[in-house]
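Note: the block below is work13.csv and it holds CSV, C-alpha atoms (C1' of nucleotides).
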```
chain,number,residue,atom,x,y,z
A,1,MET,CA,-21.8,-40.8,-22.2
A,2,LYS,CA,-24.5,-38.1,-21.8
A,3,PRO,CA,-24.5,-37.5,-18.1
A,4,ILE,CA,-27.6,-35.2,-17.8
A,5,LYS,CA,-29.8,-37.8,-19.4
A,6,LEU,CA,-28.3,-40.5,-17.3
A,7,PHE,CA,-28.9,-38.6,-14.1
A,8,LYS,CA,-32.4,-37.9,-15.0
A,9,VAL,CA,-33.1,-41.6,-15.5
A,10,LEU,CA,-31.5,-42.3,-12.1
A,11,SER,CA,-33.6,-39.5,-10.4
A,12,ASN,CA,-36.6,-41.7,-9.7
A,13,GLU,CA,-37.0,-44.0,-6.8
A,14,THR,CA,-38.8,-46.8,-8.7
A,15,ARG,CA,-36.2,-46.8,-11.5
A,16,LEU,CA,-33.4,-47.0,-9.0
A,17,GLN,CA,-35.2,-49.8,-7.1
A,18,ILE,CA,-35.5,-51.8,-10.4
A,19,LEU,CA,-31.8,-51.5,-10.8
A,20,ARG,CA,-31.2,-52.7,-7.3
A,21,TRP,CA,-33.7,-55.6,-7.7
A,22,LEU,CA,-31.8,-56.6,-10.9
A,23,ARG,CA,-28.6,-56.8,-9.0
A,24,ASP,CA,-29.8,-60.0,-7.4
A,25,PRO,CA,-32.7,-61.3,-9.4
A,26,VAL,CA,-32.9,-64.7,-7.8
A,27,ARG,CA,-33.3,-63.2,-4.4
A,28,HIS,CA,-36.0,-60.7,-5.5
A,29,PHE,CA,-37.9,-62.7,-8.1
A,30,SER,CA,-37.5,-66.4,-7.7
A,31,SER,CA,-40.4,-66.7,-5.3
A,32,MET,CA,-42.7,-65.2,-7.9
A,33,LEU,CA,-42.0,-67.8,-10.5
A,34,ILE,CA,-45.1,-69.9,-10.8
A,35,GLU,CA,-45.0,-71.3,-14.2
A,36,GLN,CA,-42.4,-73.6,-15.6
A,37,LYS,CA,-41.4,-71.2,-18.4
A,38,THR,CA,-38.8,-69.4,-16.4
A,39,ASN,CA,-36.4,-70.8,-13.8
A,40,ARG,CA,-33.7,-69.4,-11.5
A,41,VAL,CA,-31.0,-69.8,-14.1
A,42,ASP,CA,-33.0,-67.8,-16.6
A,43,LEU,CA,-33.4,-64.9,-14.1
A,44,VAL,CA,-29.7,-64.5,-14.0
A,45,ASN,CA,-28.8,-65.3,-17.6
A,46,ILE,CA,-31.7,-64.0,-19.6
A,47,GLY,CA,-33.2,-61.5,-17.2
A,48,VAL,CA,-36.5,-60.7,-15.5
A,49,SER,CA,-39.8,-60.2,-17.4
A,50,VAL,CA,-41.7,-56.9,-17.4
A,51,SER,CA,-44.6,-58.5,-15.6
A,52,LEU,CA,-42.6,-59.7,-12.7
A,53,ILE,CA,-41.0,-56.3,-12.2
A,54,GLN,CA,-44.4,-54.7,-12.6
A,55,GLN,CA,-46.0,-56.9,-10.0
A,56,LYS,CA,-43.2,-56.3,-7.5
A,57,SER,CA,-43.4,-52.5,-8.1
A,58,GLY,CA,-47.1,-52.2,-7.7
A,59,MET,CA,-47.2,-49.6,-10.4
A,60,SER,CA,-49.1,-49.8,-13.7
A,61,GLN,CA,-47.9,-51.9,-16.6
A,62,SER,CA,-47.5,-48.9,-18.9
A,63,THR,CA,-45.4,-47.0,-16.3
A,64,ILE,CA,-43.1,-49.9,-15.8
A,65,SER,CA,-42.7,-50.6,-19.5
A,66,GLN,CA,-41.7,-47.0,-20.0
A,67,PHE,CA,-39.3,-47.0,-17.1
A,68,LEU,CA,-37.6,-50.0,-18.4
A,69,SER,CA,-37.2,-48.5,-21.8
A,70,MET,CA,-35.8,-45.4,-20.3
A,71,LEU,CA,-33.2,-47.5,-18.4
A,72,GLN,CA,-32.5,-49.3,-21.7
A,73,ASP,CA,-32.1,-46.1,-23.6
A,74,VAL,CA,-29.2,-45.0,-21.4
A,75,GLU,CA,-27.9,-48.6,-21.5
A,76,LEU,CA,-28.2,-49.2,-17.8
A,77,VAL,CA,-30.1,-52.4,-18.7
A,78,LYS,CA,-30.2,-54.8,-21.7
A,79,ALA,CA,-33.4,-56.3,-23.0
A,80,THR,CA,-34.0,-59.6,-24.7
A,81,ARG,CA,-37.2,-60.5,-26.4
A,82,ILE,CA,-38.2,-64.1,-26.3
A,83,GLY,CA,-41.6,-64.9,-27.7
A,84,GLN,CA,-44.1,-62.6,-26.1
A,85,TRP,CA,-41.9,-61.8,-23.2
A,86,THR,CA,-39.2,-59.2,-22.8
A,87,TYR,CA,-36.5,-59.9,-20.2
A,88,TYR,CA,-34.4,-57.2,-18.7
A,89,LYS,CA,-31.0,-57.5,-16.9
A,90,ARG,CA,-28.4,-55.1,-15.7
A,91,ASN,CA,-25.7,-53.9,-18.1
A,92,GLU,CA,-22.7,-54.2,-15.7
A,93,GLY,CA,-20.3,-52.8,-18.2
A,94,LYS,CA,-22.2,-49.5,-18.4
A,95,LEU,CA,-22.5,-49.3,-14.6
A,96,ALA,CA,-18.7,-49.7,-14.3
A,97,GLU,CA,-18.3,-46.9,-16.9
A,98,ILE,CA,-20.4,-44.6,-14.8
A,99,ALA,CA,-18.5,-45.3,-11.7
A,100,SER,CA,-15.3,-44.5,-13.5
A,101,TYR,CA,-16.9,-41.2,-14.9
A,102,PHE,CA,-17.6,-40.2,-11.3
A,103,ALA,CA,-14.2,-41.0,-10.1
A,104,ASN,CA,-12.4,-39.3,-12.9
A,105,GLU,CA,-14.4,-36.8,-14.8
A,106,LEU,CA,-17.0,-35.2,-12.6
B,1,MET,CA,-26.6,-40.3,1.2
B,2,LYS,CA,-29.9,-39.7,-0.5
B,3,PRO,CA,-29.2,-40.8,-4.1
B,4,ILE,CA,-32.5,-39.5,-5.6
B,5,LYS,CA,-32.0,-36.0,-4.4
B,6,LEU,CA,-28.4,-36.1,-5.4
B,7,PHE,CA,-29.2,-37.3,-8.9
B,8,LYS,CA,-31.9,-34.6,-9.3
B,9,VAL,CA,-29.3,-31.9,-8.5
B,10,LEU,CA,-26.9,-33.4,-11.0
B,11,SER,CA,-29.6,-33.5,-13.7
B,12,ASN,CA,-29.0,-30.0,-14.9
B,13,GLU,CA,-26.5,-28.8,-17.4
B,14,THR,CA,-25.7,-25.5,-15.6
B,15,ARG,CA,-25.2,-27.2,-12.2
B,16,LEU,CA,-23.0,-29.8,-13.7
B,17,GLN,CA,-21.0,-27.1,-15.5
B,18,ILE,CA,-20.5,-25.2,-12.2
B,19,LEU,CA,-19.1,-28.4,-10.7
B,20,ARG,CA,-16.7,-28.7,-13.6
B,21,TRP,CA,-15.7,-25.0,-13.4
B,22,LEU,CA,-14.9,-25.4,-9.8
B,23,ARG,CA,-12.6,-28.4,-10.5
B,24,ASP,CA,-10.1,-25.9,-11.8
B,25,PRO,CA,-11.1,-22.4,-10.6
B,26,VAL,CA,-7.8,-20.7,-11.6
B,27,ARG,CA,-8.2,-21.8,-15.2
B,28,HIS,CA,-11.9,-20.7,-15.4
B,29,PHE,CA,-12.1,-17.6,-13.2
B,30,SER,CA,-8.7,-15.9,-12.8
B,31,SER,CA,-9.1,-13.8,-15.9
B,32,MET,CA,-12.3,-12.4,-14.3
B,33,LEU,CA,-10.6,-11.0,-11.2
B,34,ILE,CA,-10.5,-7.3,-11.6
B,35,GLU,CA,-10.3,-6.0,-8.0
B,36,GLN,CA,-7.6,-6.7,-5.5
B,37,LYS,CA,-10.0,-8.3,-3.1
B,38,THR,CA,-9.6,-11.8,-4.5
B,39,ASN,CA,-6.5,-13.5,-5.9
B,40,ARG,CA,-5.6,-16.8,-7.5
B,41,VAL,CA,-4.7,-18.4,-4.2
B,42,ASP,CA,-8.2,-17.4,-2.8
B,43,LEU,CA,-9.9,-19.0,-5.8
B,44,VAL,CA,-8.4,-22.4,-4.8
B,45,ASN,CA,-8.4,-22.1,-1.0
B,46,ILE,CA,-11.5,-20.1,-0.3
B,47,GLY,CA,-13.6,-20.6,-3.4
B,48,VAL,CA,-15.3,-18.6,-6.2
B,49,SER,CA,-17.9,-15.9,-5.5
B,50,VAL,CA,-21.5,-16.2,-6.6
B,51,SER,CA,-21.1,-13.2,-8.9
B,52,LEU,CA,-18.2,-14.7,-10.8
B,53,ILE,CA,-20.1,-17.9,-11.4
B,54,GLN,CA,-23.2,-15.9,-12.4
B,55,GLN,CA,-21.3,-13.8,-14.9
B,56,LYS,CA,-19.7,-16.9,-16.5
B,57,SER,CA,-23.0,-18.7,-16.6
B,58,GLY,CA,-24.9,-15.9,-18.2
B,59,MET,CA,-28.0,-16.8,-16.1
B,60,SER,CA,-29.7,-14.6,-13.6
B,61,GLN,CA,-28.4,-13.9,-10.2
B,62,SER,CA,-31.3,-15.5,-8.5
B,63,THR,CA,-31.1,-18.7,-10.5
B,64,ILE,CA,-27.4,-19.1,-9.8
B,65,SER,CA,-27.8,-18.4,-6.1
B,66,GLN,CA,-30.5,-21.1,-6.0
B,67,PHE,CA,-28.4,-23.6,-8.0
B,68,LEU,CA,-25.5,-23.1,-5.6
B,69,SER,CA,-27.6,-23.7,-2.6
B,70,MET,CA,-29.0,-26.8,-4.1
B,71,LEU,CA,-25.4,-28.0,-4.7
B,72,GLN,CA,-24.6,-27.1,-1.1
B,73,ASP,CA,-27.7,-28.9,0.2
B,74,VAL,CA,-26.4,-32.2,-1.1
B,75,GLU,CA,-22.9,-31.4,0.0
B,76,LEU,CA,-21.4,-31.3,-3.5
B,77,VAL,CA,-19.9,-27.9,-2.7
B,78,LYS,CA,-19.0,-26.0,0.5
B,79,ALA,CA,-19.8,-22.3,1.1
B,80,THR,CA,-17.8,-19.8,3.0
B,81,ARG,CA,-19.2,-16.4,3.8
B,82,ILE,CA,-16.7,-13.6,4.1
B,83,GLY,CA,-18.2,-10.1,4.5
B,84,GLN,CA,-20.7,-9.6,1.8
B,85,TRP,CA,-19.4,-12.4,-0.4
B,86,THR,CA,-20.1,-16.1,-0.4
B,87,TYR,CA,-17.4,-18.3,-1.9
B,88,TYR,CA,-18.1,-21.8,-3.2
B,89,LYS,CA,-15.7,-24.6,-3.7
B,90,ARG,CA,-16.1,-28.3,-4.4
B,91,ASN,CA,-16.5,-30.8,-1.6
B,92,GLU,CA,-14.1,-33.5,-2.9
B,93,GLY,CA,-14.8,-35.8,0.0
B,94,LYS,CA,-18.5,-36.0,-1.0
B,95,LEU,CA,-17.6,-36.5,-4.7
B,96,ALA,CA,-15.3,-39.4,-3.7
B,97,GLU,CA,-18.2,-40.9,-1.7
B,98,ILE,CA,-20.5,-40.7,-4.7
B,99,ALA,CA,-17.9,-42.4,-6.9
B,100,SER,CA,-17.7,-45.2,-4.3
B,101,TYR,CA,-21.5,-45.5,-4.1
B,102,PHE,CA,-21.6,-46.0,-7.8
B,103,ALA,CA,-18.9,-48.6,-7.8
B,104,ASN,CA,-20.3,-50.6,-4.9
B,105,GLU,CA,-23.9,-49.9,-4.1
B,106,LEU,CA,-25.8,-49.1,-7.3
C,1,DT,C1',-57.6,-67.3,-37.8
C,2,DT,C1',-59.5,-66.1,-33.6
C,3,DG,C1',-58.8,-65.2,-28.7
C,4,DA,C1',-55.9,-64.5,-25.0
C,5,DC,C1',-51.8,-62.8,-23.1
C,6,DA,C1',-47.4,-59.8,-22.7
C,7,DT,C1',-45.5,-55.7,-23.9
C,8,DA,C1',-45.3,-51.0,-26.0
C,9,DT,C1',-47.3,-46.6,-27.2
C,10,DT,C1',-50.5,-42.7,-26.8
C,11,DG,C1',-52.9,-39.0,-24.6
C,12,DA,C1',-54.2,-36.6,-20.6
C,13,DA,C1',-54.1,-34.9,-15.7
C,14,DA,C1',-51.4,-33.7,-11.8
C,15,DT,C1',-47.0,-32.7,-9.9
C,16,DT,C1',-42.4,-30.9,-9.9
C,17,DA,C1',-38.5,-28.2,-11.9
C,18,DA,C1',-36.5,-24.2,-14.3
C,19,DT,C1',-36.1,-19.6,-14.6
C,20,DC,C1',-36.9,-14.9,-14.1
C,21,DG,C1',-37.8,-10.1,-12.1
C,22,DA,C1',-38.8,-8.0,-7.9
C,23,DT,C1',-37.7,-7.6,-3.3
C,24,DA,C1',-35.5,-8.7,1.2
C,25,DT,C1',-31.4,-9.2,4.0
C,26,DA,C1',-26.7,-8.4,5.2
C,27,DA,C1',-22.3,-6.1,4.9
C,28,DT,C1',-19.6,-2.0,3.4
C,29,DT,C1',-18.5,2.6,2.7
C,30,DA,C1',-19.3,7.6,2.4
D,1,DT,C1',-27.1,6.9,9.0
D,2,DA,C1',-27.8,6.5,4.0
D,3,DA,C1',-26.4,4.7,-0.3
D,4,DT,C1',-24.2,0.9,-2.5
D,5,DT,C1',-23.1,-3.8,-3.3
D,6,DA,C1',-23.5,-9.0,-2.9
D,7,DT,C1',-26.3,-12.6,-2.0
D,8,DA,C1',-30.7,-14.8,-0.7
D,9,DT,C1',-35.6,-15.5,-1.0
D,10,DC,C1',-40.4,-15.0,-3.0
D,11,DG,C1',-43.9,-15.3,-6.4
D,12,DA,C1',-45.1,-16.2,-11.0
D,13,DT,C1',-44.9,-18.4,-15.5
D,14,DT,C1',-43.5,-21.9,-18.5
D,15,DA,C1',-41.5,-26.4,-19.4
D,16,DA,C1',-40.7,-31.1,-18.1
D,17,DT,C1',-41.8,-35.3,-15.5
D,18,DT,C1',-44.8,-38.7,-13.4
D,19,DT,C1',-48.3,-41.7,-13.8
D,20,DC,C1',-52.4,-43.7,-15.3
D,21,DA,C1',-56.1,-45.7,-18.4
D,22,DA,C1',-57.0,-46.8,-22.9
D,23,DT,C1',-55.4,-48.7,-27.0
D,24,DA,C1',-52.2,-50.7,-30.3
D,25,DT,C1',-48.9,-54.3,-31.5
D,26,DG,C1',-46.9,-58.7,-31.5
D,27,DT,C1',-46.9,-63.6,-30.2
D,28,DC,C1',-48.9,-68.1,-29.0
D,29,DA,C1',-52.3,-71.7,-28.8
D,30,DA,C1',-56.7,-73.7,-29.8
```
When written as structure tokens, how does the structure in this file appear?
Amino acid sequence: MKPIKLFKVLSNETRLQILRWLRDPVRHFSSMLIEQKTNRVDLVNIGVSVSLIQQKSGMSQSTISQFLSMLQDVELVKATRIGQWTYYKRNEGKLAEIASYFANEL
Amino acid sequence: MKPIKLFKVLSNETRLQILRWLRDPVRHFSSMLIEQKTNRVDLVNIGVSVSLIQQKSGMSQSTISQFLSMLQDVELVKATRIGQWTYYKRNEGKLAEIASYFANEL
DNA sequence: TTGACATATTGAAATTAATCGATATAATTA
DNA sequence: TAATTATATCGATTAATTTCAATATGTCAA
């Protein structure tokens, strides 16, 4: 647990928004699924692709890719590569750990 | 609750250290009390003066004064002015609120 | 194996944060 | 009232972050 680095990652509106979107991926992304390759079940179990998150954010591809890897670096999200896609989902275990850090150690 | 601003304030080692020092002010500051003006009871009830925190941090007076007002701005600490001194103590209520934000809203 | 697509990385410009010394303000004391 | 002390604010410099366009890498499909 490196709290400074963690707080820096959380200090950005877009990164925080991504975390909130990923809390309920079906609600925020299912309407964007056009192809057959991904379905609602995948959104929850495997995660959401970089391109869906990028479209929703309106920011550039490179920025969103970087933001996701920052979130992954502090373990707030987990990534799964399948073929040419990378799917991101929340790491609920880490989020619970942070809540407990706040309650007990800060 | 403005989480971005809060996380920015927490994204600094010195500011986080100040919060931790203030968790147990007697332990961290009582050995620095030379004059009679402040005693151990005051440290807990009223708070710790800017100059004690500054000495312990080793940083400049202006930096520490600014850091303390940033912490106060997001309500992580409360300030009390008595004469020419300003005493700072933790705002435990706010800290509990943040812990709950993490557990429920992030 | 070539072309197209998804993602990652790099390099650069603009913005924001960290930090200090100098100075201002406010309270105390001689 | 003048000198001293504690804290706050200002202005400047350096360092870090944000964000993009361009490019590289990796994968799939024809």
Please measure the separation of CA of Leu19 in chain A and CA of Arg90 in chain A, giving the value in Å to one decimal.
7.0 Å
Could I get the residues of range 22-67 of chain A with an atom no further than 10 Å from an atom of range 3-26 of chain C, each paired with its nearest atom pair and that distance in Å to one decimal, using all atoms listed in the file, sorted by chain and residue number, as CSV?
```
residue,atom,partner,partner_atom,distance
A:Ser49,CA,C:DA6,C1',9.3
A:Val50,CA,C:DT7,C1',7.6
A:Ser51,CA,C:DA6,C1',7.7
A:Gln61,CA,C:DT7,C1',8.6
A:Ser62,CA,C:DA8,C1',7.7
A:Ser65,CA,C:DA8,C1',7.0
A:Gln66,CA,C:DA8,C1',8.1
```
D:DT25, D:DT14, D:DT19, D:DT9: which is nearest chain B, counting all atoms listed in the file?
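Between D:DT25, D:DT14, D:DT19, D:DT9, the residue approaching chain B most closely is D:DT9.
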Would you mind telling me which residue in A:Leu68, A:Ile82, A:Ala96, A:Val77 lies nearest to chain B when using all atoms listed in the file?
A:Ala96
Using only C-alpha atoms, which of B:Phe102, B:Phe29, B:Tyr87, B:Trp21 sits nearest chain A?
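Of the candidates, the smallest distance to chain A is held by B:Phe102.
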Do you have the CA of Gln54 in chain A-C1' of DT17 in chain D distance handy?
19.8 Å
Could the residues of chain D within 8 Å of chain A, counting only C-alpha atoms (C1' of nucleotides), be given as a list in words, please?
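Matching residues, ligands excluded from the count: DT19, DC20, DG26, DT27 and DC28 of chain D.
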Output of the above residues as a tab-separated table (two decimals), in the frame of the given file, restricted to C-alpha atoms (C1' of nucleotides):
```
chain	number	residue	atom	x	y	z
D	19	DT	C1'	-48.30	-41.70	-13.80
D	20	DC	C1'	-52.40	-43.70	-15.30
D	26	DG	C1'	-46.90	-58.70	-31.50
D	27	DT	C1'	-46.90	-63.60	-30.20
D	28	DC	C1'	-48.90	-68.10	-29.00
```
Compile the residues of chain B that lie within 8 Å of chain A, evaluated using all atoms listed in the file, and express the compilation as a ChimeraX atom specification.
/B:3-8,10-13,19-20,95-96,98-100,102-103,106
Pick the closest to chain C from A:Leu22, A:Leu43, A:Met1, A:Leu52: which is it, counting only C-alpha atoms (C1' of nucleotides)?
A:Leu52
CA of Ile18 in chain A and CA of Lys56 in chain A, how far apart in Å?
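CA of Ile18 in chain A lies at a distance of 9.4 Å from CA of Lys56 in chain A.
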